[in-house]
Every structure is written in C-alpha cells, then in structure tokens.
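Trainee: Quick one: this structure, given as structure tokens, is what I'll be asking you about.
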Number of protein chains: 2
Amino acid sequence: MFTLLCTHIEKRVHLTDEEFEISGKFFTPKKLRKKQFLLQEGEVCRHIGFVNSGCLRQYTVDNKGAEHIVQFAIEDWWVSDLNSYLTGLPSNYYIDALQDSKVLLLEKSARDKLLDACPKMERFFRLLLEANYIATHSRVTESLSTSAEERYLKFIKTYPKLFEQVPQNHIASYLGITPQSLSRIRKELSQK
Amino acid sequence: MFTLLCTHIEKRVHLTDEEFEISGKFFTPKKLRKKQFLLQEGEVCRHIGFVNSGCLRQYTVDNKGAEHIVQFAIEDWWVSDLNSYLTGLPSNYYIDALQDSKVLLLEKSARDKLLDACPKMERFFRLLLEANYIATHSRVTESLSTSAEERYLKFIKTYPKLFEQVPQNHIASYLGITPQSLSRIRKELSQK
C-alpha cells in the first residue's frame, strides 16, 4: 500500500524505517471507481492525494457547460486543489477518476500532525511545493506563449503513459484546443 | 539590520538566539538607490530578497515597450522571481527600487546551507511558499474575475502605505488599467 509513496519520499528526503512507519499512519487509503468524484465545485478540498494507481483529472466547468482540464494525475503524482486545501475556501474545481484508482489521502490537520511527528517531512513538503510552483508556472506560460503543436509534443513527453490511456477529447481539453484541431495536429506530425 | 527579519521569522517559527545568529549569516545586505535594478530580464534570479526598508516592484515589458507591474514589495515583504530562482532559468522580469531601499539577499546555495544548518527554517520556507501560492492564485483569479474598482479597493486594503508613496501610473499598471480609468474610478468612489 505504501511502497510507492515511500520510494517517492525517499527520492527527496531520507527517513528511517520508524519515521516511514509514523508518517504512513497519517494517510487514509481510498479506492475510487471510474467517474467517481474526489472533489466537486463548491466543496472545500480537505485532502491532498497521492496516486497509488489509476488516473485522475482536475477540471473546471465553464458557464456553457464545457469542461477544461487543468491537470491529470497519474501513478506517483499528487492531486489536490492546493489553494482550497491551504485557504479552506470552496474550490472552483472538480476532481474525478478517469479509471479505477487508488489514492492515499492526507487531511490538512493530519499533515500538520505529521510535520510535528516527523519534522524531516517539512523538507519534503517544501520541495513538493517548489515543484508544484515550477509546474504551474510552466503550464501558465505555455498556455500563453506556445503553439498547440508544441503543447501537444510537451504533453506526450510529460505523460507518455497517459497518452495511450485517456480519450483524445480529454487531451484536447487539457491542451485548450478542439478535438478536431488535435486530430489535425496528429495527422500533420505523422506526415513529417 | 536583522531585527525586522527576526520578527518576521518569529511569527512563523520559533528559533533560539543561536539559531537566529546562524541564520542571519547567510543573508547579504544590499542598498539600492531609487531606480536601481535588482534583476533584469534575461538574467537568472540568484536571490530572494527580504525588504528591510523602501519599496521595489517586479514587472515585465511587452513588445510595445509598456510596463506591467506584477508585484510591489514593501517593508517586511519578500521579492524575487521565484521561478527563475528555483529553476535557474533566465527571468522574464525586471525588479527595481521605487525608492532608496535596503534588502537582505539570500542566494539559493546559501539557502540550502541555511536549511542544513537550521532545519527549523524548512518550516519557515514551506509556510512562505504556501503564502506565496495563495497570493499568486488570488492575484490571477482577481485579474480574471473582478472589476477594476474591486481590484482598486483590494489594493488600497493590501498596500495602505504604498498607496500614498507610489505614482498613480504604477498603481494603474498593477491593476491592469489605464491611468485615466484609475482617475475615473477614484472620482466615482469619492462621490459615493
């Protein structure tokens, strides 16, 4: 259950076996069926989730009912509306499972207790936040300054597995283009 | 020199006198004259800076030469292009002093050494990143979803001192409106 999470943490900070055991106790395992929600718009995001298996997506729905995917979360990634989690304000996002998935959830109060019980995890969460900051910055910059083709190529490189698992219309939504444009880009690239 | 910084840190984590003394050694004091640059576009942002006195601004310059202020930093605030600082990539921003200012600079390698020498500061920087995350999120959301008048009222509340110190055209740039629009909003509010 915790093997993947331990390996994930170990890449960033070195914990003793005892510290791993202590830290693990603050997480709650949860199974999600395909299409099941982890978060819905208007709710406060109470957890950050570590994805043990499967795939989730975070998205908004605009006034016309169209979905805009801001993030996919696959195995070994975290998923959350961090702003809602940190501020306690209602979320503007939905998070649901694209496949049957298993996540390890960490509530905010549990995280605070974990940090008191195992101060080395302060470094882990600081590094996680830094990585998140860089990824968010890069996502915003790309959406403003790169072509759809460049974003598609970056997507394949970032999520090589996901590319095979997720419907094309979800990938188009993440890239901010229509499924028709994605089709055209794929065709053009295959001819190059 | 370090009194304000110590008070600032003490609000978030409790350090012993010895730990404060150790931590302070990693910062480098720097005086900036009005209009002097701390960072220019294309350079890597090597420091985060704690503002001891004065006021700085972070801005971009678009293709037409217009400045867009993304952030002011007054006494007791931090200033940096965090993305460039964390990734080592060239910055898209300028940071300069709007008044004669004094800052305490912390280089990235010095911060890593500080965190090894005083692990309690991991919590401080984690909390600082969280606050930055929330502020950035709020700034983006506001720029997309609130009226110029609402943004102006929020600005006065956030930066009550700054409002008296900074030229109106800088405030208009921060709010993403023309100086003429700002004038109109101020007039309308004074008549309410």
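In the structure tokens, chains take the letters A, B, ... in the order shown, each chain's residues start at 1, and ligands count up from 1 in the order shown.
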Using only C-alpha atoms, tabulate the residues of chain A lying at most 7 Å from any atom of chain B, each with its closest atom pair and that distance in Å to one decimal, by chain and increasing residue number, as a tab-separated table.
Mentor:
```
residue	atom	partner	partner_atom	distance
A:Asn83	CA	B:Ile134	CA	6.0
A:Glu122	CA	B:Arg123	CA	5.6
A:Arg123	CA	B:Glu122	CA	5.6
A:Phe125	CA	B:Arg126	CA	7.0
A:Arg126	CA	B:Arg126	CA	4.6
A:Leu129	CA	B:Leu129	CA	6.9
A:Ile134	CA	B:Asn83	CA	5.9
```
Trainee: Keeping C-alpha atoms for every residue in the selection just given, could you write it to a file as a JSON list (two decimals), in the first residue's frame?
Mentor:
```json
[["chain", "number", "residue", "atom", "x", "y", "z"],
["A", 83, "ASN", "CA", -5.49, 26.71, -2.97],
["A", 122, "GLU", "CA", 8.95, 19.71, 6.28],
["A", 123, "ARG", "CA", 11.69, 19.48, 3.65],
["A", 125, "PHE", "CA", 6.59, 19.28, 1.51],
["A", 126, "ARG", "CA", 8.74, 22.35, 0.84],
["A", 129, "LEU", "CA", 5.53, 22.93, -3.20],
["A", 134, "ILE", "CA", 7.51, 25.44, -11.21]]
```
Trainee: Pick out each residue of segment 42-147 of chain B that DSSP on the backbone tags as helix (DSSP H, G or I); I need them as a PyMOL selection string.
Mentor: chain B and resi 82-87+108-117+121-145
Trainee: With a distance cut-off of 6 Å and only C-alpha atoms, select the neighbouring residues of segment 165-178 of chain A, excluding the residue or stretch itself and same-chain residues fewer than 5 positions from it, and output the selection as a list in words.
Mentor: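 That gives His68, Ile69 and Val70 of chain A.
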Trainee: Pick out the residues sitting within 9 Å of segment 34-42 of chain B, and hand them over as a VMD selection string; count only C-alpha atoms, and ignore anything fewer than 5 positions along from it in its own chain.
Mentor: chain B and resid 56 58 60 to 61 80 to 81 89 to 101
Trainee: Quick one: DSSP strand (DSSP E) residues in segment 3-84 of chain B, as a PyMOL selection string?
Mentor: chain B and resi 28-32+37-39+47-53+55-61+67-74+78-79
Trainee: So that I can check the surroundings of Val103 of chain B, please list as an MDAnalysis selection string every protein, DNA and RNA residue that reaches within 7 Å of it, counting only C-alpha atoms and ignoring chain neighbours fewer than 6 positions away.
Mentor: chainID B and resid 29:31 49:52
Trainee: Just to be explicit: take each residue in the selection above, keep N, CA and C atoms, and write the result as a short mmCIF file (atom, residue, chain, number, x, y, z; two decimals), in the first residue's frame.
Mentor:
```cif
data_model
loop_
_atom_site.label_atom_id
_atom_site.label_comp_id
_atom_site.auth_asym_id
_atom_site.auth_seq_id
_atom_site.Cartn_x
_atom_site.Cartn_y
_atom_site.Cartn_z
N PRO B 29 23.37 41.91 3.07
CA PRO B 29 22.66 43.20 2.98
C PRO B 29 23.01 43.92 1.69
N LYS B 30 22.04 44.58 1.10
CA LYS B 30 22.29 45.37 -0.11
C LYS B 30 21.44 46.64 -0.09
N LYS B 31 22.10 47.77 -0.40
CA LYS B 31 21.37 49.03 -0.54
C LYS B 31 21.09 49.26 -2.00
N GLY B 49 14.91 38.23 -1.84
CA GLY B 49 15.29 39.40 -1.05
C GLY B 49 14.22 39.74 -0.04
N PHE B 50 14.64 39.98 1.19
CA PHE B 50 13.71 40.44 2.23
C PHE B 50 13.84 41.96 2.31
N VAL B 51 12.72 42.68 2.19
CA VAL B 51 12.78 44.14 2.16
C VAL B 51 12.80 44.71 3.59
N ASN B 52 13.94 45.31 3.93
CA ASN B 52 14.10 45.92 5.25
C ASN B 52 13.51 47.32 5.29
#
```
Trainee: For Arg46 of chain B, which residue among B:Phe26, B:Phe155, B:Phe72, B:Tyr85 is the nearest when counting only C-alpha atoms?
Mentor: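 Between B:Phe26, B:Phe155, B:Phe72, B:Tyr85, the residue approaching Arg46 of chain B most closely is B:Tyr85.
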